[in-house]
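The structure under discussion appears below in the form of structure tokens.
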Amino acid sequence: FRIMAGKVKWVTDIEKSVLINNFEKRGWIQVAENEDWNFYWMSVQTIRNVFSVETGYRLSDDQIVNHFPNHYELTRKDLMVKNIKRYRKELEKEGSPLAEKDENGKYIYLDFVPVTFMLPADYNLFVEEFRKNPSSTWIMKPCGKAQGKGIFLINKLSQIKKWSRDSKTSSFVAQSSKEAYVISLYINNPLLIGGKKFDLRLYVLVSTYRPLRCYMYKLGFCRFCTVKYTPSTSELDNMFVHLTNVAIQKHGDDYNHIHGGKWTVSNLRLYLESTRGKEVTNKLFDEIHWIIVQSLKAVAPVMNNDKHCFECYGYDIIIDDKLKPWLIEVNASPSLTSSTANDRILKYNLINDTLNIAVPNGEIPDCKWNKSPPKEVLGNYEVLYDEEMAQSDGPDRELRSRPGQSTGLKGNRARDSGKPVLTTWK
Amino acid sequence: AMLDPDRGLSLTIARIVQRLKGSSLHSQLERQARVSLHKPEIKLESLKEDIKDFLKTSGWEKKLQNAVYSELNVFPSPCHPAAPPEHMKEPLAYMRKAQGSWEKRILKSLNSMCTELSIPLAQKRPVSEQKELLNKWNEMGTDEPDLSLFRPVYAPKDFLEVLMNLRNPNYENGEQPSFRSHLGLIQVPLKVKDIPELKEEFSELSLNIGQLGIDDSAQVPPEFFENEHVRVGQKVLAEQDSAAAQQYVRQGCPTALRADLWALILNISNQSEDILYYEQLKSNVIQHDLLVDSLIYKDVKLTASNDDYYFVFEDYLYQVLLCFSRDTSVLEHFNYSSATPPKSYIQGKLGMEEYAVFYPPNGVIPFHGFSMYVAPLCFLYHEPSKLYQIFREMYVRFFFRLHSISSHPSGIVSLCLLFETLLQTHLPQLFYHLREIGAQPLRISFKWMVRAFSGYLATDQLLLLWDRILGYNSLEILAVLAAAVFAFRAVNLMEVTSLAAAE
């Protein structure tokens, strides 16, 4: 019985107020999963079901979901690395200048993921690399888990004996094996601020992969470790020192519920400009935008560019003390839990701006639309890369960061937009 | 009798010469002059002139100029030779008296806390504790001492109560309340500038002159103002000219140049002897424990650690403030401050002057929010010794005036009166309304001014504000900003009906 024929009908299996408040403020109607719905904000388990061979179903033109069917090509640690490696080799094969290498054989422009191997499959390759730098530290991460679960550091081969055995006994490891790990070179020279280690969480919205159109949320943040960073080996087991995931930091003794150990990206920029200068700071932020776009380009060919889908990713980036950014991982379901009041506001606005772009005018969607929202609805998003426009303009058209100003007294810190300026990367 | 200008000038020169004599700059200049004797361009016949030229071309004359400029900025012009030394601290007797009473109260509060908790004001640390502290020096923030029994010695609102009760005994205000009466909380007749005078004083802030923070926003093409302003800033830094830098920052500092410009204005060069001095202070901290250390810990934990912008720098704040408390060179500023450092006596020798020491060694007892003077500087300086020196200089030039009772135009009393006068003159309706609902505006803005807005403004804006404090060598801008905030929010404020709502 359709009194509310014109209103968007929504479902979610993620009970978070920042989501629900946004749906309600648009006057959308909540329905159940088995009813006719237009918008489903689903968890990654659910998207698997929707697009699986056994349980999946066709989506109609007026249905939109918040994940791409095979997002894991980007968001699983092992697949992300695999796709980037493949992308680099392809560029190298076609002689692209982007794939240029230096005298040590390292990619000049595409070396943004720490050296990574899959375990147990690449165990022997890993050992070879490990022996080149026996004093290095490596970080073991389970492929399928999030929030810092199951992560540990090693600096001795004996600590991963188990995978050595596994590599000898199993000749094939299924992609979805729960025991699959990646092992990456640990960045032991992170940039420290106030003596503390941090990582960057940036939100990136992708509305289509082919052509690639992606947006960067201006209000990312830094997550600081509550305990002083020390590269000393005795602290390897202290996860509070090394991991910046809020889920882990929250249980440390020093966790503060007012600021949650988080800094805005504009604070980071102010600090770096003041202490390191403007050129190197601009260069850093340009590089960060660059590596995000390259990671998306790397997976674009293998992504199922289903027109019912959009996705908001949480990018985790670490900056080392030479001001080089490293891509650590990409999250398909960035946390919507709020650890502080500021956090709640940020996430609320993030969802709001995301919905404004993904569901134009807040009306019943038509997945055949051109996915080109007008500038006015972007909110705190900025165009990061628009392949269609880039192809028509010539040189890559992307975001060139420009420092904005905070306005007003505390509590109102929206930054002015940086103008997207035509710039040629390298 | 007015001081004859020539006499005044020669007194000033004499004082500056005396202060610079024996300074490290003096010995460096002597050394440079001696070294230059080996140079071919120095001829015996024209020795004096040639050395002078050499010092000029090698940049040493500029360093001397900067040092002289610095002295002129910090020390007030000498008063009449017949005036007693207290007059350099504070010419008005009733102000001196009020400051003295306030100091007695603070010291009493500190001593009673000391007695209650049975903690000595100072004691030597056992060797094991010294070792532990040395190991933890870079992460004192992870320490969790039990601070529950400590209270801040005072908070800004306690200080406001004192200022509200200030009266000039020579001033009879028996007239009937009239349109001209001052309706604010401050009831002393100090001279404050009005808008025309402020416009003249702060002429570089007029609407037709470019300002960073406004005219460099994303919508304005950088060719209009920003590029040229940055270029000029780089030139000023290259010339290493303190006076030019001070003039330049009145229009705001580019973020990338600010750290160096401030250091130039404050004449901080972070030489090896400065680093050594800082290390010496650090070892004082390691060896002796002071009661005020706990007050500092408590303050940092209550304020900066909870601040979105500054929590990252918690450890630096301890490294600066603990050393600051032990720095006896800070005592010098009491020559021109209305305050006097508190004295304490070695146990059992109360009243015996030969057993008197200043407590804390730098004579400054921290209050609630004190650490917020240091916090914004952490965005600019990440090397502890330089951070320390910049803060110390900022304190002895500016911040001390915000918590001592004086008639100085940059003193907190004048700032409060300036704020109230501006508001009452230009926004009378708002002023009366707020007064009616029991929300005297100064009750809201006082804490902003005492903290120089630290913690009340986003850091990038705060730094632009402090640019102007340095540029004009005055704190009056704090009162103007406070009044401007009220003007900005006037419409909303007219609707409120309580102090809490106004806040």
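Following the order of the structure tokens, first chain is A, next is B, and so on, with residues numbered from 1 inside each chain and ligands from 1 in the order they appear.
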- [ ] Within 6 Å of chain B, which residues of chain A are there when counting only C-alpha atoms? Please give them as a PyMOL selection string.
- [x] chain A and resi 194+259+271+273-275+277-278+409-410
Write the residues of the selection above to a file with N, CA, C and O atoms, as a PDB file, in the first residue's frame.
```pdb
ATOM      1  N   GLY A 194      55.382  15.410  18.432  1.00  0.00           N
ATOM      2  CA  GLY A 194      55.353  15.382  19.898  1.00  0.00           C
ATOM      3  C   GLY A 194      55.919  14.074  20.404  1.00  0.00           C
ATOM      4  O   GLY A 194      55.569  13.634  21.490  1.00  0.00           O
ATOM      5  N   HIS A 259      39.339  14.114  23.010  1.00  0.00           N
ATOM      6  CA  HIS A 259      39.893  14.238  21.668  1.00  0.00           C
ATOM      7  C   HIS A 259      40.122  12.876  21.020  1.00  0.00           C
ATOM      8  O   HIS A 259      40.346  12.787  19.823  1.00  0.00           O
ATOM      9  N   TYR A 271      51.099  22.178  11.266  1.00  0.00           N
ATOM     10  CA  TYR A 271      52.327  21.779  11.940  1.00  0.00           C
ATOM     11  C   TYR A 271      53.454  21.574  10.944  1.00  0.00           C
ATOM     12  O   TYR A 271      54.572  22.055  11.133  1.00  0.00           O
ATOM     13  N   GLU A 273      53.746  22.686   7.793  1.00  0.00           N
ATOM     14  CA  GLU A 273      54.144  23.936   7.128  1.00  0.00           C
ATOM     15  C   GLU A 273      54.998  24.776   8.053  1.00  0.00           C
ATOM     16  O   GLU A 273      55.978  25.375   7.624  1.00  0.00           O
ATOM     17  N   SER A 274      54.607  24.822   9.337  1.00  0.00           N
ATOM     18  CA  SER A 274      55.342  25.664  10.281  1.00  0.00           C
ATOM     19  C   SER A 274      56.724  25.134  10.576  1.00  0.00           C
ATOM     20  O   SER A 274      57.655  25.893  10.803  1.00  0.00           O
ATOM     21  N   THR A 275      56.865  23.800  10.623  1.00  0.00           N
ATOM     22  CA  THR A 275      58.159  23.246  11.031  1.00  0.00           C
ATOM     23  C   THR A 275      58.999  22.765   9.859  1.00  0.00           C
ATOM     24  O   THR A 275      60.213  22.640   9.986  1.00  0.00           O
ATOM     25  N   GLY A 277      58.120  23.685   6.279  1.00  0.00           N
ATOM     26  CA  GLY A 277      58.031  24.534   5.092  1.00  0.00           C
ATOM     27  C   GLY A 277      56.871  24.131   4.192  1.00  0.00           C
ATOM     28  O   GLY A 277      56.345  23.034   4.262  1.00  0.00           O
ATOM     29  N   LYS A 278      56.516  25.066   3.341  1.00  0.00           N
ATOM     30  CA  LYS A 278      55.310  24.891   2.541  1.00  0.00           C
ATOM     31  C   LYS A 278      55.512  23.924   1.383  1.00  0.00           C
ATOM     32  O   LYS A 278      54.632  23.114   1.085  1.00  0.00           O
ATOM     33  N   LEU A 409      35.456  30.579  15.821  1.00  0.00           N
ATOM     34  CA  LEU A 409      36.005  30.020  17.043  1.00  0.00           C
ATOM     35  C   LEU A 409      35.870  28.516  17.009  1.00  0.00           C
ATOM     36  O   LEU A 409      35.194  27.941  16.177  1.00  0.00           O
ATOM     37  N   LYS A 410      36.477  27.907  17.941  1.00  0.00           N
ATOM     38  CA  LYS A 410      36.463  26.453  18.021  1.00  0.00           C
ATOM     39  C   LYS A 410      35.050  25.921  17.940  1.00  0.00           C
ATOM     40  O   LYS A 410      34.137  26.463  18.522  1.00  0.00           O
TER      41      LYS A 410
END
```
Open item on the list: Just want the 8 Å neighbourhood of segment 184-188 of chain A, counted on only C-alpha atoms, with same-chain residues fewer than 4 positions away dropped. Output as a list in words.
Closed with: Pro114, Val115, Thr116, Phe117, Ser136, Thr137, Trp138, Ile139, Met140, Pro231 and Asp320 of chain A
Could those residues be written to a file, using N, CA, C and O atoms, as a compact mmCIF listing (two decimals), in the first residue's frame?
```txt
# COMPACT_ATOMS: atom_id res chain seq x y z
N PRO A 114 54.50 -0.70 1.32
CA PRO A 114 55.69 -1.36 1.86
C PRO A 114 55.80 -2.77 1.29
O PRO A 114 54.78 -3.41 1.00
N VAL A 115 57.04 -3.22 1.14
CA VAL A 115 57.28 -4.57 0.60
C VAL A 115 56.40 -5.58 1.34
O VAL A 115 56.41 -5.64 2.56
N THR A 116 55.64 -6.34 0.58
CA THR A 116 54.66 -7.24 1.19
C THR A 116 54.69 -8.60 0.52
O THR A 116 54.87 -8.70 -0.69
N PHE A 117 54.51 -9.63 1.33
CA PHE A 117 54.41 -10.98 0.81
C PHE A 117 53.19 -11.68 1.40
O PHE A 117 52.75 -11.35 2.49
N SER A 136 65.62 -5.92 10.34
CA SER A 136 64.36 -5.22 10.09
C SER A 136 63.21 -5.85 10.86
O SER A 136 63.27 -6.99 11.28
N THR A 137 62.17 -5.07 11.01
CA THR A 137 60.96 -5.55 11.68
C THR A 137 59.86 -5.69 10.63
O THR A 137 59.78 -4.88 9.70
N TRP A 138 59.07 -6.73 10.81
CA TRP A 138 57.98 -6.97 9.86
C TRP A 138 56.66 -7.07 10.62
O TRP A 138 56.63 -7.48 11.77
N ILE A 139 55.58 -6.70 9.94
CA ILE A 139 54.28 -6.74 10.60
C ILE A 139 53.40 -7.79 9.92
O ILE A 139 53.28 -7.82 8.69
N MET A 140 52.84 -8.67 10.76
CA MET A 140 52.01 -9.77 10.27
C MET A 140 50.54 -9.37 10.42
O MET A 140 50.11 -9.01 11.52
N PRO A 231 61.33 2.58 18.76
CA PRO A 231 61.61 1.45 17.88
C PRO A 231 62.30 0.30 18.62
O PRO A 231 62.62 -0.70 18.02
N ASP A 320 56.39 8.60 6.68
CA ASP A 320 57.66 8.33 7.37
C ASP A 320 58.43 9.64 7.61
O ASP A 320 57.98 10.72 7.22
```
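The residues of segment 97-328 of chain B that DSSP assigns to strand (DSSP E or B) on this backbone come out as Ala122, Gln123, Lys124, His288, Asp289 and Leu290 of chain B.
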Could you give me, as a PDB file with N, CA and C atoms, in the first residue's frame, the residues within 12 Å of Leu133 of chain B, counting only C-alpha atoms and dropping anything in the same chain fewer than 3 positions from it?
```pdb
ATOM      1  N   ARG B 125      65.953  14.761  45.049  1.00  0.00           N
ATOM      2  CA  ARG B 125      65.455  13.432  44.693  1.00  0.00           C
ATOM      3  C   ARG B 125      66.468  12.351  45.042  1.00  0.00           C
ATOM      4  N   PRO B 126      65.990  11.220  45.558  1.00  0.00           N
ATOM      5  CA  PRO B 126      66.908  10.086  45.726  1.00  0.00           C
ATOM      6  C   PRO B 126      67.449   9.649  44.363  1.00  0.00           C
ATOM      7  N   VAL B 127      68.668   9.071  44.391  1.00  0.00           N
ATOM      8  CA  VAL B 127      69.362   8.767  43.134  1.00  0.00           C
ATOM      9  C   VAL B 127      68.538   7.868  42.217  1.00  0.00           C
ATOM     10  N   SER B 128      67.845   6.890  42.801  1.00  0.00           N
ATOM     11  CA  SER B 128      67.069   5.968  41.966  1.00  0.00           C
ATOM     12  C   SER B 128      65.966   6.726  41.229  1.00  0.00           C
ATOM     13  N   GLU B 129      65.372   7.677  41.934  1.00  0.00           N
ATOM     14  CA  GLU B 129      64.301   8.452  41.312  1.00  0.00           C
ATOM     15  C   GLU B 129      64.860   9.335  40.201  1.00  0.00           C
ATOM     16  N   GLN B 130      66.087   9.858  40.436  1.00  0.00           N
ATOM     17  CA  GLN B 130      66.711  10.695  39.419  1.00  0.00           C
ATOM     18  C   GLN B 130      66.908   9.908  38.136  1.00  0.00           C
ATOM     19  N   LYS B 136      62.760   8.668  31.661  1.00  0.00           N
ATOM     20  CA  LYS B 136      61.413   8.981  31.216  1.00  0.00           C
ATOM     21  C   LYS B 136      61.294  10.406  30.689  1.00  0.00           C
ATOM     22  N   TRP B 137      62.405  11.096  30.562  1.00  0.00           N
ATOM     23  CA  TRP B 137      62.353  12.535  30.284  1.00  0.00           C
ATOM     24  C   TRP B 137      61.486  12.888  29.084  1.00  0.00           C
ATOM     25  N   ASN B 138      61.523  12.036  28.034  1.00  0.00           N
ATOM     26  CA  ASN B 138      60.762  12.362  26.826  1.00  0.00           C
ATOM     27  C   ASN B 138      59.325  11.903  26.863  1.00  0.00           C
ATOM     28  N   GLU B 139      58.928  11.262  27.945  1.00  0.00           N
ATOM     29  CA  GLU B 139      57.550  10.785  27.973  1.00  0.00           C
ATOM     30  C   GLU B 139      56.948  10.921  29.359  1.00  0.00           C
ATOM     31  N   MET B 140      57.179  12.074  29.973  1.00  0.00           N
ATOM     32  CA  MET B 140      56.644  12.276  31.319  1.00  0.00           C
ATOM     33  C   MET B 140      55.128  12.238  31.331  1.00  0.00           C
ATOM     34  N   GLY B 141      54.525  12.387  30.146  1.00  0.00           N
ATOM     35  CA  GLY B 141      53.074  12.328  30.071  1.00  0.00           C
ATOM     36  C   GLY B 141      52.506  10.973  30.414  1.00  0.00           C
ATOM     37  N   THR B 142      53.338   9.932  30.305  1.00  0.00           N
ATOM     38  CA  THR B 142      52.821   8.598  30.605  1.00  0.00           C
ATOM     39  C   THR B 142      52.812   8.337  32.101  1.00  0.00           C
ATOM     40  N   ASP B 143      53.456   9.224  32.830  1.00  0.00           N
ATOM     41  CA  ASP B 143      53.450   9.113  34.288  1.00  0.00           C
ATOM     42  C   ASP B 143      52.045   9.354  34.812  1.00  0.00           C
ATOM     43  N   LYS B 282      67.623  21.285  32.891  1.00  0.00           N
ATOM     44  CA  LYS B 282      67.108  19.916  32.882  1.00  0.00           C
ATOM     45  C   LYS B 282      67.730  19.119  34.026  1.00  0.00           C
ATOM     46  N   SER B 283      69.032  19.292  34.219  1.00  0.00           N
ATOM     47  CA  SER B 283      69.652  18.518  35.297  1.00  0.00           C
ATOM     48  C   SER B 283      69.170  19.011  36.662  1.00  0.00           C
ATOM     49  N   ASN B 284      68.828  20.294  36.770  1.00  0.00           N
ATOM     50  CA  ASN B 284      68.217  20.776  38.017  1.00  0.00           C
ATOM     51  C   ASN B 284      66.903  20.062  38.282  1.00  0.00           C
ATOM     52  N   VAL B 285      66.140  19.857  37.220  1.00  0.00           N
ATOM     53  CA  VAL B 285      64.857  19.165  37.366  1.00  0.00           C
ATOM     54  C   VAL B 285      65.083  17.738  37.854  1.00  0.00           C
ATOM     55  N   ILE B 286      66.065  17.096  37.249  1.00  0.00           N
ATOM     56  CA  ILE B 286      66.351  15.707  37.615  1.00  0.00           C
ATOM     57  C   ILE B 286      66.739  15.612  39.091  1.00  0.00           C
ATOM     58  N   GLN B 287      67.544  16.567  39.546  1.00  0.00           N
ATOM     59  CA  GLN B 287      68.084  16.436  40.894  1.00  0.00           C
ATOM     60  C   GLN B 287      67.126  16.853  41.999  1.00  0.00           C
ATOM     61  N   HIS B 288      66.312  17.879  41.730  1.00  0.00           N
ATOM     62  CA  HIS B 288      65.427  18.363  42.780  1.00  0.00           C
ATOM     63  C   HIS B 288      63.980  18.308  42.363  1.00  0.00           C
ATOM     64  N   ASP B 289      63.158  17.963  43.343  1.00  0.00           N
ATOM     65  CA  ASP B 289      61.726  17.900  43.131  1.00  0.00           C
ATOM     66  C   ASP B 289      61.110  19.142  43.774  1.00  0.00           C
ATOM     67  N   TYR B 318      55.825  19.473  29.715  1.00  0.00           N
ATOM     68  CA  TYR B 318      56.565  19.213  30.955  1.00  0.00           C
ATOM     69  C   TYR B 318      58.017  19.626  30.794  1.00  0.00           C
ATOM     70  N   GLN B 319      58.584  19.279  29.637  1.00  0.00           N
ATOM     71  CA  GLN B 319      59.999  19.576  29.429  1.00  0.00           C
ATOM     72  C   GLN B 319      60.271  21.078  29.469  1.00  0.00           C
TER      73      GLN B 319
END
```
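In this model, the gap between atom CA of Leu207 of chain B and atom CA of Lys191 of chain B comes to 26.3 Å.
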TODO: Identify which of the residues B:Ser498, B:Ser242, B:Gln123, B:Asn270 lies closest to Tyr69 of chain B, counting only C-alpha atoms when measuring atom-to-atom distances.
DONE: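 Ranking B:Ser498, B:Ser242, B:Gln123, B:Asn270 by distance to Tyr69 of chain B, first place goes to B:Ser242.
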- [ ] Measure the distance from atom CA of Ala339 of chain B to atom CA of Ser406 of chain B in Å and round it to one decimal.
- [x] 8.5 Å
- [ ] Just give me the gap between atom CA of His26 of chain B and atom CA of Lys62 of chain B in Å, one decimal is fine.
- [x]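 These two atoms are separated by 13.2 Å.
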Task: Given only C-alpha atoms as the counted atoms, nearest of B:Met394, B:Leu121, B:Ala483, B:Ile444 to Phe358 of chain B - done: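 Checking each of B:Met394, B:Leu121, B:Ala483, B:Ile444 against Phe358 of chain B, counting only C-alpha atoms, the winner is B:Leu121.
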Open item on the list: What's around Met118 of chain A at 7 Å? Count only C-alpha atoms, leave out sequence neighbours fewer than 6 positions away in its own chain, and write the answer as a PyMOL selection string.
Closed with: chain A and resi 78+181-183
Task: DSSP alpha helix (DSSP H) residues within segment 456-503 of chain B, as a PyMOL selection string - done: chain B and resi 459-472+476-488+490-495+499-502
Please produce a file of those selected residues containing N, CA, C and O atoms, as a compact mmCIF listing (two decimals), in the first residue's frame.
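Written output follows (result21.txt):
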```
# COMPACT_ATOMS: atom_id res chain seq x y z
N THR B 459 44.16 26.95 16.37
CA THR B 459 45.57 27.33 16.43
C THR B 459 46.01 28.25 15.31
O THR B 459 46.78 29.19 15.53
N ASP B 460 45.54 28.00 14.08
CA ASP B 460 46.04 28.86 12.99
C ASP B 460 45.61 30.31 13.22
O ASP B 460 46.37 31.23 12.94
N GLN B 461 44.43 30.49 13.78
CA GLN B 461 43.97 31.84 14.07
C GLN B 461 44.69 32.43 15.27
O GLN B 461 45.01 33.61 15.29
N LEU B 462 44.95 31.58 16.26
CA LEU B 462 45.66 32.06 17.43
C LEU B 462 47.03 32.58 17.06
O LEU B 462 47.49 33.62 17.54
N LEU B 463 47.70 31.85 16.17
CA LEU B 463 49.04 32.27 15.77
C LEU B 463 49.00 33.59 15.02
O LEU B 463 49.88 34.43 15.17
N LEU B 464 47.95 33.79 14.23
CA LEU B 464 47.80 35.07 13.54
C LEU B 464 47.59 36.19 14.56
O LEU B 464 48.07 37.31 14.38
N LEU B 465 46.89 35.89 15.63
CA LEU B 465 46.68 36.88 16.69
C LEU B 465 48.00 37.20 17.38
O LEU B 465 48.35 38.37 17.58
N TRP B 466 48.77 36.17 17.72
CA TRP B 466 50.04 36.39 18.41
C TRP B 466 51.06 37.07 17.49
O TRP B 466 51.95 37.76 17.97
N ASP B 467 50.90 36.90 16.17
CA ASP B 467 51.73 37.68 15.23
C ASP B 467 51.59 39.16 15.56
O ASP B 467 52.58 39.89 15.60
N ARG B 468 50.36 39.57 15.79
CA ARG B 468 50.12 41.01 16.03
C ARG B 468 50.60 41.44 17.41
O ARG B 468 51.02 42.57 17.60
N ILE B 469 50.55 40.54 18.37
CA ILE B 469 51.09 40.89 19.69
C ILE B 469 52.57 41.19 19.56
O ILE B 469 53.08 42.19 20.06
N LEU B 470 53.26 40.34 18.81
CA LEU B 470 54.69 40.57 18.59
C LEU B 470 54.92 41.81 17.74
O LEU B 470 55.82 42.60 18.01
N GLY B 471 54.09 41.97 16.71
CA GLY B 471 54.28 43.07 15.79
C GLY B 471 54.10 44.44 16.45
O GLY B 471 54.84 45.38 16.17
N TYR B 472 53.13 44.52 17.33
CA TYR B 472 52.85 45.81 17.97
C TYR B 472 53.43 45.91 19.38
O TYR B 472 53.27 46.93 20.04
N GLU B 476 47.15 44.94 23.77
CA GLU B 476 45.84 45.60 23.66
C GLU B 476 44.94 44.91 22.66
O GLU B 476 43.71 44.95 22.76
N ILE B 477 45.57 44.27 21.68
CA ILE B 477 44.75 43.62 20.66
C ILE B 477 43.84 42.55 21.25
O ILE B 477 42.79 42.23 20.69
N LEU B 478 44.23 42.00 22.41
CA LEU B 478 43.39 40.97 23.04
C LEU B 478 42.05 41.57 23.44
O LEU B 478 41.00 40.94 23.29
N ALA B 479 42.10 42.79 24.00
CA ALA B 479 40.85 43.44 24.42
C ALA B 479 40.00 43.79 23.21
O ALA B 479 38.78 43.64 23.24
N VAL B 480 40.66 44.22 22.15
CA VAL B 480 39.92 44.59 20.94
C VAL B 480 39.25 43.36 20.36
O VAL B 480 38.08 43.37 19.97
N LEU B 481 39.98 42.24 20.31
CA LEU B 481 39.40 41.01 19.78
C LEU B 481 38.22 40.55 20.62
O LEU B 481 37.18 40.15 20.11
N ALA B 482 38.39 40.63 21.95
CA ALA B 482 37.30 40.20 22.83
C ALA B 482 36.05 41.02 22.56
O ALA B 482 34.94 40.48 22.48
N ALA B 483 36.23 42.33 22.41
CA ALA B 483 35.06 43.18 22.13
C ALA B 483 34.48 42.82 20.76
O ALA B 483 33.26 42.79 20.59
N ALA B 484 35.35 42.54 19.81
CA ALA B 484 34.89 42.21 18.46
C ALA B 484 34.07 40.93 18.46
O ALA B 484 33.10 40.80 17.71
N VAL B 485 34.46 39.97 19.29
CA VAL B 485 33.71 38.72 19.38
C VAL B 485 32.28 39.01 19.84
O VAL B 485 31.31 38.47 19.31
N PHE B 486 32.17 39.88 20.84
CA PHE B 486 30.83 40.23 21.31
C PHE B 486 30.05 40.95 20.22
O PHE B 486 28.85 40.72 20.05
N ALA B 487 30.73 41.81 19.50
CA ALA B 487 30.05 42.52 18.41
C ALA B 487 29.56 41.54 17.36
O ALA B 487 28.45 41.65 16.85
N PHE B 488 30.39 40.56 17.06
CA PHE B 488 30.08 39.55 16.06
C PHE B 488 28.85 38.76 16.44
O PHE B 488 28.02 38.39 15.61
N ALA B 490 26.53 39.77 18.55
CA ALA B 490 25.59 40.67 19.24
C ALA B 490 24.14 40.24 19.07
O ALA B 490 23.37 40.23 20.03
N VAL B 491 23.77 39.90 17.85
CA VAL B 491 22.37 39.56 17.60
C VAL B 491 21.93 38.39 18.47
O VAL B 491 20.89 38.45 19.13
N ASN B 492 22.72 37.30 18.48
CA ASN B 492 22.37 36.14 19.32
C ASN B 492 22.37 36.49 20.79
O ASN B 492 21.53 36.03 21.56
N LEU B 493 23.36 37.30 21.19
CA LEU B 493 23.48 37.60 22.61
C LEU B 493 22.30 38.42 23.12
O LEU B 493 21.93 38.31 24.28
N MET B 494 21.72 39.22 22.25
CA MET B 494 20.57 40.02 22.70
C MET B 494 19.41 39.12 23.10
O MET B 494 18.54 39.51 23.85
N GLU B 495 19.41 37.88 22.58
CA GLU B 495 18.30 36.96 22.88
C GLU B 495 18.47 36.20 24.17
O GLU B 495 17.52 35.63 24.69
N LEU B 499 23.62 34.04 32.16
CA LEU B 499 25.06 34.02 31.94
C LEU B 499 25.47 32.73 31.24
O LEU B 499 26.24 32.73 30.30
N ALA B 500 24.89 31.63 31.71
CA ALA B 500 25.24 30.34 31.13
C ALA B 500 24.94 30.30 29.65
O ALA B 500 25.75 29.83 28.84
N ALA B 501 23.77 30.82 29.29
CA ALA B 501 23.39 30.83 27.87
C ALA B 501 24.35 31.71 27.07
O ALA B 501 24.70 31.40 25.94
N ALA B 502 24.76 32.82 27.67
CA ALA B 502 25.66 33.73 26.97
C ALA B 502 27.00 33.04 26.69
O ALA B 502 27.55 33.17 25.61
```
Open item on the list: Quick one: residues within 10 Å of segment 320-333 of chain B, only C-alpha atoms, excluding same-chain residues fewer than 6 positions away - as a PyMOL selection string?
Closed with: chain B and resi 74-75+89+277-286+288-290+292-294+296-297+300+339-341+358-366+370-371+374-375+384-389+391-393+395-397+400
Task: Leu29 of chain B environment, 12 Å, only C-alpha atoms, sequence neighbours closer than 4 positions dropped, as a ChimeraX atom specification - done: /B:20-25,33-36,51-52,54-56,58-64
TODO: Can you work out which one of B:Pro145, B:Asn66, B:Ser404, B:Gln251 has the shortest atom-to-atom distance to Tyr336 of chain B, counting only C-alpha atoms?
DONE: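 Among B:Pro145, B:Asn66, B:Ser404, B:Gln251, it is B:Ser404 that comes nearest to Tyr336 of chain B.
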